[in-house]
Amino acid sequence: MTTPDVRPYGSWPSPISAAEVSAASPRLEGARFVGADEPDVWWGESVPEEGGRSAVRRRAASGAVVDVLPAPWSARSRVHEYGGGSWTADDEGVLYFVEKTDQRVWRLDPGAEPRPLTPEGGDVRFGGLTLQHGRLLAVREDHTRGTAVPARDIVDIPRDGGGVGSAARLASLASGSDFVAHPALSPDGSRLAWIAWNHPHMAWDRAELRVGRLVGGDGPEWTTVAGGGSSPLQPEWVDDDDLVYADDPTGRWNLWRLRLTADLHHEPVAAVDADTGGPLWVLGTRWFTLLADGRIAAVEANGAEELVVLGAAGERRALPVDAVTRLSIEDARGTRVLLSGAGSGGAGLWEVRVDDPAATRLIVGGTSPWGAEWMPRSRPITVPGPHGPVHAFDYPPTNPGVVAPDDERAPYVVFVHGGPTDHVGGAASGKIAYLTSRGIGVLDVNYGGSSGYGRAYRERLLGQWGVVDVDDVVAAARGLAEAGSADGGRLAIAGGSAGGWTVLCALTNSDAFGAGISRYGVADLRKLAEDTHDFEARYLDGMVGPLPEAEALYVERSPLSHLDRLRTPLLIEQGLDDRVVPPSQSEAVRDALAANGVAHAYLAFEGEGHGFRGATTLVRTMEAELAFLGQVFGFDTPGVPPLELD
């Protein structure tokens with residue numbers, strides 16, 4: 001038997017490089033069945049080595065991956081800044097997509113060049129593209145009208161290009177609210193259902209399911225049929241008078257059925273203590289689909305996620321698929337489902353046959369190039385916190401050929417997800433394995449405010465952003481150290497966006513962490529409220545309080561108000577094209593650290609926005625973070641460039 005190599009945590013040799021991590025786990029952006037009889041599978045994918053271009057691809061009969069949408073075209077929507085639903089396709093192989101550079105909708109026929117379907121000029125954006133009963137529907141976001149809130153509506157786009165040069169040809173089907181999503185056209189084309197919500201609420205706080213009758217192509221006279229005090233999602237028509245949708249009046253997003261009779265009869269499809277639904281950050285996300293035989297395939301989340309099939313009598317059967325987090329049902333054909341998500345081998349896309357799960361086919365991604373022995377197994381943990389139980393996933397150091405000295409405990413990085421209304425499941429990513437294979441543990445925390453555990457857990461953060469999230473990540477980190485799994489003197493915290501805010505708040509309000517990594521993190525609430533885009537312009541009303549009444553609280557909570565207390569080494573990473581959290585926030589933190597004489601590094605990236613996509617950026621940040629941890633916690637990091645701290 002081979003004797004394991006004994007080396008200090010953090011310095012273990014690993015075959016997992018930052019470049020391989022960047023290339024190994026695709027960032028998928030939608031998928032479709034294309035074709036009538038034996039359809040192909042098309043999918044959207046960000047291409048890091050092409051600067052994060054969003055390609056649309058298919059797999060040829062030879063097995064080779066072919067670009068349907070070639071460079072330099074890039075299918076990426078900027079509706080709500082987070083986009084989503086940037087492309088769709090019909091069974092003849094015609095691609096409809098939103099081009100990143102001009103936000104117009106274009107049509108690409110096989111063997112032809114793309115041609116525009118929407119007029120040029122002005123800041124008008126499209127997203128949530130969907131083909132329904134021969135009509136191309138989209139969410140339109142118009143920034144040209146000179147109002148503080150952009151005009152948004154659901155439009156019908158002529159598929160022949162008749163809309164070019166004439167905005168009037170784009171028929172507006174639904175408006176009358178600040179935000180719209182999930183348009184659903186009835187089979188006979190007479191009715192439209194959609195989701196609507198207004199400032200100051202986010203879609204997961206309060207929204208409405210509306211239904212209107214279309215007359216002559218004009219916008220409908222609509223009726224609210226669900227929601228108002230809850231958060232309905234994703235209406236789907238069973239027939240011309242029957243809808244299935246997700247809603248959370250009971251505290252969990254479950255499926256409901258609505259018969260459009262005089263008394264609007266609602267009934268639960270299958271009540272369960274799990275969520276079929278989630279925060280509507282990205283247009284086009286789908287948590288369930290109606291199968292051809294009347295059954296429903298649905299995603300259910302209670303921390304981790306699973307794919308289930310629901311029968312007509314409410315019977316439920318879980319399907320054994322590898323993916324356990326970030327699940328989205330992209331499309332369905334007959335009893336076949338396209339499922340995107342992440343599992344033991346990273347992010348991927350699967351074709352699932354609901355009656356023969358053993359025949360599940362991996363389309364792209366979903367496998368680790370390093371072997372299962374290098375991927376850490378997650379361990380769900382729950383620790384007590386000052387506001388209630390805190391849920392997290394522990395990924396211990398994992399390397400088949402190396403162990404640490406018996407008297408040493410592992411350094412850990414506490415990952416803080418963004419949103420903050422998001423959640424993580426128990427699937428190791430390449431980025432996690434990059435650390436764990438080198439002897440650095442990762443604790444991925446679903447702090448109070450996270451989705452995936454019901455409305456009560458999500459609303460724990462209301463009015464308490466910067467308090468509950470900080471208390472929860474501190475409780476999770478200290479709980480792990482007290483259990484003997486982590487070195488309490490070598491705990492780091494890392495997060496981006498809202499996660500970066502929690503990093504900065506934790507470092508200014510606790511002594512739990514010896515190092516921090518903030519990626520485009522929020523540092524000044526008043527500046528965020530002033531600068532951020534419209535989708536999140538009133539988000540802080542619920543998480544902190546409305547302005548100007550709560551201004552004193554904004555000042556007190558903001559890390560920039562307390563940088564004299566920030567004495568912890570910090571790595572700051574920022575995209576210079578970020579319109580959600582502008583660079584000025586990170587630059588202010590950098591300047592304060594320099595004035596205070598605190599060790600830090602500031603990495604700024606041209607061409608990157610809110611969330612890094614380019615291969616060079618992804619490699620640079622992973623290597624810099626490892627080098628930073630090694631410098632601060634005192635272990636060697638062979639194979640990565642040193643990081644100079646100011």
# chains A, B, ... in the order shown; residues from 1 in each chain; ligands from 1
call {"tool": "residues_around", "arguments": {"residues": "stretch 596-599 of chain A", "least_positions_apart": "5", "cutoff": "9 Å", "atoms": "only C-alpha atoms", "output": "PyMOL selection string"}}
result
chain A and resi 563-564+566-571+591+645-646
call {"tool": "write_last_selection", "arguments": {"atoms": "N, CA and C atoms", "output": "PDB file, in the first residue's frame"}}
result
ATOM      1  N   LEU A 563     -14.623  51.748   8.327  1.00  0.00           N
ATOM      2  CA  LEU A 563     -13.377  51.176   7.838  1.00  0.00           C
ATOM      3  C   LEU A 563     -12.215  51.372   8.807  1.00  0.00           C
ATOM      4  N   ASP A 564     -12.395  52.221   9.804  1.00  0.00           N
ATOM      5  CA  ASP A 564     -11.375  52.302  10.845  1.00  0.00           C
ATOM      6  C   ASP A 564     -11.291  51.001  11.632  1.00  0.00           C
ATOM      7  N   LEU A 566     -11.625  48.054  10.137  1.00  0.00           N
ATOM      8  CA  LEU A 566     -11.196  47.017   9.211  1.00  0.00           C
ATOM      9  C   LEU A 566      -9.682  46.866   9.294  1.00  0.00           C
ATOM     10  N   ARG A 567      -9.239  45.824   9.966  1.00  0.00           N
ATOM     11  CA  ARG A 567      -7.814  45.566  10.149  1.00  0.00           C
ATOM     12  C   ARG A 567      -7.433  44.181   9.612  1.00  0.00           C
ATOM     13  N   THR A 568      -8.288  43.622   8.779  1.00  0.00           N
ATOM     14  CA  THR A 568      -8.084  42.272   8.248  1.00  0.00           C
ATOM     15  C   THR A 568      -7.599  42.351   6.808  1.00  0.00           C
ATOM     16  N   PRO A 569      -6.560  41.603   6.435  1.00  0.00           N
ATOM     17  CA  PRO A 569      -6.108  41.608   5.041  1.00  0.00           C
ATOM     18  C   PRO A 569      -7.254  41.296   4.089  1.00  0.00           C
ATOM     19  N   LEU A 570      -7.279  42.035   2.968  1.00  0.00           N
ATOM     20  CA  LEU A 570      -8.425  41.945   2.061  1.00  0.00           C
ATOM     21  C   LEU A 570      -7.955  41.946   0.608  1.00  0.00           C
ATOM     22  N   LEU A 571      -8.509  41.050  -0.186  1.00  0.00           N
ATOM     23  CA  LEU A 571      -8.337  41.037  -1.636  1.00  0.00           C
ATOM     24  C   LEU A 571      -9.633  41.531  -2.259  1.00  0.00           C
ATOM     25  N   ASP A 591      -9.034  52.603  -1.075  1.00  0.00           N
ATOM     26  CA  ASP A 591      -8.395  53.825  -0.585  1.00  0.00           C
ATOM     27  C   ASP A 591      -8.368  53.870   0.940  1.00  0.00           C
ATOM     28  N   LEU A 645       0.952  42.395  -2.090  1.00  0.00           N
ATOM     29  CA  LEU A 645       0.014  43.118  -1.232  1.00  0.00           C
ATOM     30  C   LEU A 645       0.551  44.511  -0.948  1.00  0.00           C
ATOM     31  N   ASP A 646      -0.338  45.478  -1.018  1.00  0.00           N
ATOM     32  CA  ASP A 646       0.030  46.861  -0.680  1.00  0.00           C
ATOM     33  C   ASP A 646      -0.120  47.092   0.816  1.00  0.00           C
TER      34      ASP A 646
END
call {"tool": "select_by_dssp", "arguments": {"residues": "stretch 523-613 of chain A", "states": "strand (DSSP E)", "output": "ChimeraX atom specification"}}
result
/A:570-575,600-605
call {"tool": "write_last_selection", "arguments": {"atoms": "N, CA and C atoms", "output": "PDB file, in the first residue's frame"}}
result
ATOM      1  N   LEU A 570      -7.279  42.035   2.968  1.00  0.00           N
ATOM      2  CA  LEU A 570      -8.425  41.945   2.061  1.00  0.00           C
ATOM      3  C   LEU A 570      -7.955  41.946   0.608  1.00  0.00           C
ATOM      4  N   LEU A 571      -8.509  41.050  -0.186  1.00  0.00           N
ATOM      5  CA  LEU A 571      -8.337  41.037  -1.636  1.00  0.00           C
ATOM      6  C   LEU A 571      -9.633  41.531  -2.259  1.00  0.00           C
ATOM      7  N   ILE A 572      -9.532  42.568  -3.108  1.00  0.00           N
ATOM      8  CA  ILE A 572     -10.697  43.169  -3.755  1.00  0.00           C
ATOM      9  C   ILE A 572     -10.603  42.912  -5.251  1.00  0.00           C
ATOM     10  N   GLU A 573     -11.702  42.417  -5.856  1.00  0.00           N
ATOM     11  CA  GLU A 573     -11.759  42.159  -7.292  1.00  0.00           C
ATOM     12  C   GLU A 573     -12.976  42.881  -7.865  1.00  0.00           C
ATOM     13  N   GLN A 574     -12.772  43.580  -8.988  1.00  0.00           N
ATOM     14  CA  GLN A 574     -13.831  44.445  -9.504  1.00  0.00           C
ATOM     15  C   GLN A 574     -13.801  44.507 -11.022  1.00  0.00           C
ATOM     16  N   GLY A 575     -14.984  44.340 -11.648  1.00  0.00           N
ATOM     17  CA  GLY A 575     -15.121  44.586 -13.076  1.00  0.00           C
ATOM     18  C   GLY A 575     -15.366  46.059 -13.323  1.00  0.00           C
ATOM     19  N   HIS A 600      -3.496  44.666   1.562  1.00  0.00           N
ATOM     20  CA  HIS A 600      -4.584  44.442   0.627  1.00  0.00           C
ATOM     21  C   HIS A 600      -4.051  44.374  -0.799  1.00  0.00           C
ATOM     22  N   ALA A 601      -4.898  43.920  -1.693  1.00  0.00           N
ATOM     23  CA  ALA A 601      -4.626  43.973  -3.132  1.00  0.00           C
ATOM     24  C   ALA A 601      -5.926  44.322  -3.835  1.00  0.00           C
ATOM     25  N   TYR A 602      -5.822  45.107  -4.897  1.00  0.00           N
ATOM     26  CA  TYR A 602      -6.991  45.515  -5.676  1.00  0.00           C
ATOM     27  C   TYR A 602      -6.766  45.106  -7.123  1.00  0.00           C
ATOM     28  N   LEU A 603      -7.619  44.228  -7.642  1.00  0.00           N
ATOM     29  CA  LEU A 603      -7.539  43.765  -9.017  1.00  0.00           C
ATOM     30  C   LEU A 603      -8.754  44.266  -9.786  1.00  0.00           C
ATOM     31  N   ALA A 604      -8.508  45.060 -10.815  1.00  0.00           N
ATOM     32  CA  ALA A 604      -9.582  45.618 -11.633  1.00  0.00           C
ATOM     33  C   ALA A 604      -9.478  45.040 -13.045  1.00  0.00           C
ATOM     34  N   PHE A 605     -10.634  44.754 -13.662  1.00  0.00           N
ATOM     35  CA  PHE A 605     -10.646  44.052 -14.937  1.00  0.00           C
ATOM     36  C   PHE A 605     -11.463  44.815 -15.970  1.00  0.00           C
TER      37      PHE A 605
END
call {"tool": "residues_around", "arguments": {"residues": "stretch 125-135 of chain A", "least_positions_apart": "2", "cutoff": "8 Å", "atoms": "only C-alpha atoms", "output": "PyMOL selection string"}}
result
chain A and resi 77-79+83-90+96-98+103-105+123+137-142+156-159+181-182+184-185+187+189+283-284
call {"tool": "closest_residue", "arguments": {"among": "A:Leu629, A:Ala64, A:Val416, A:Leu136", "to": "A:Thr502", "atoms": "only C-alpha atoms"}}
result
A:Val416
call {"tool": "closest_residue", "arguments": {"among": "A:Ala475, A:Ala60, A:Ala481, A:Leu461", "to": "A:Val544", "atoms": "only C-alpha atoms"}}
result
A:Leu461
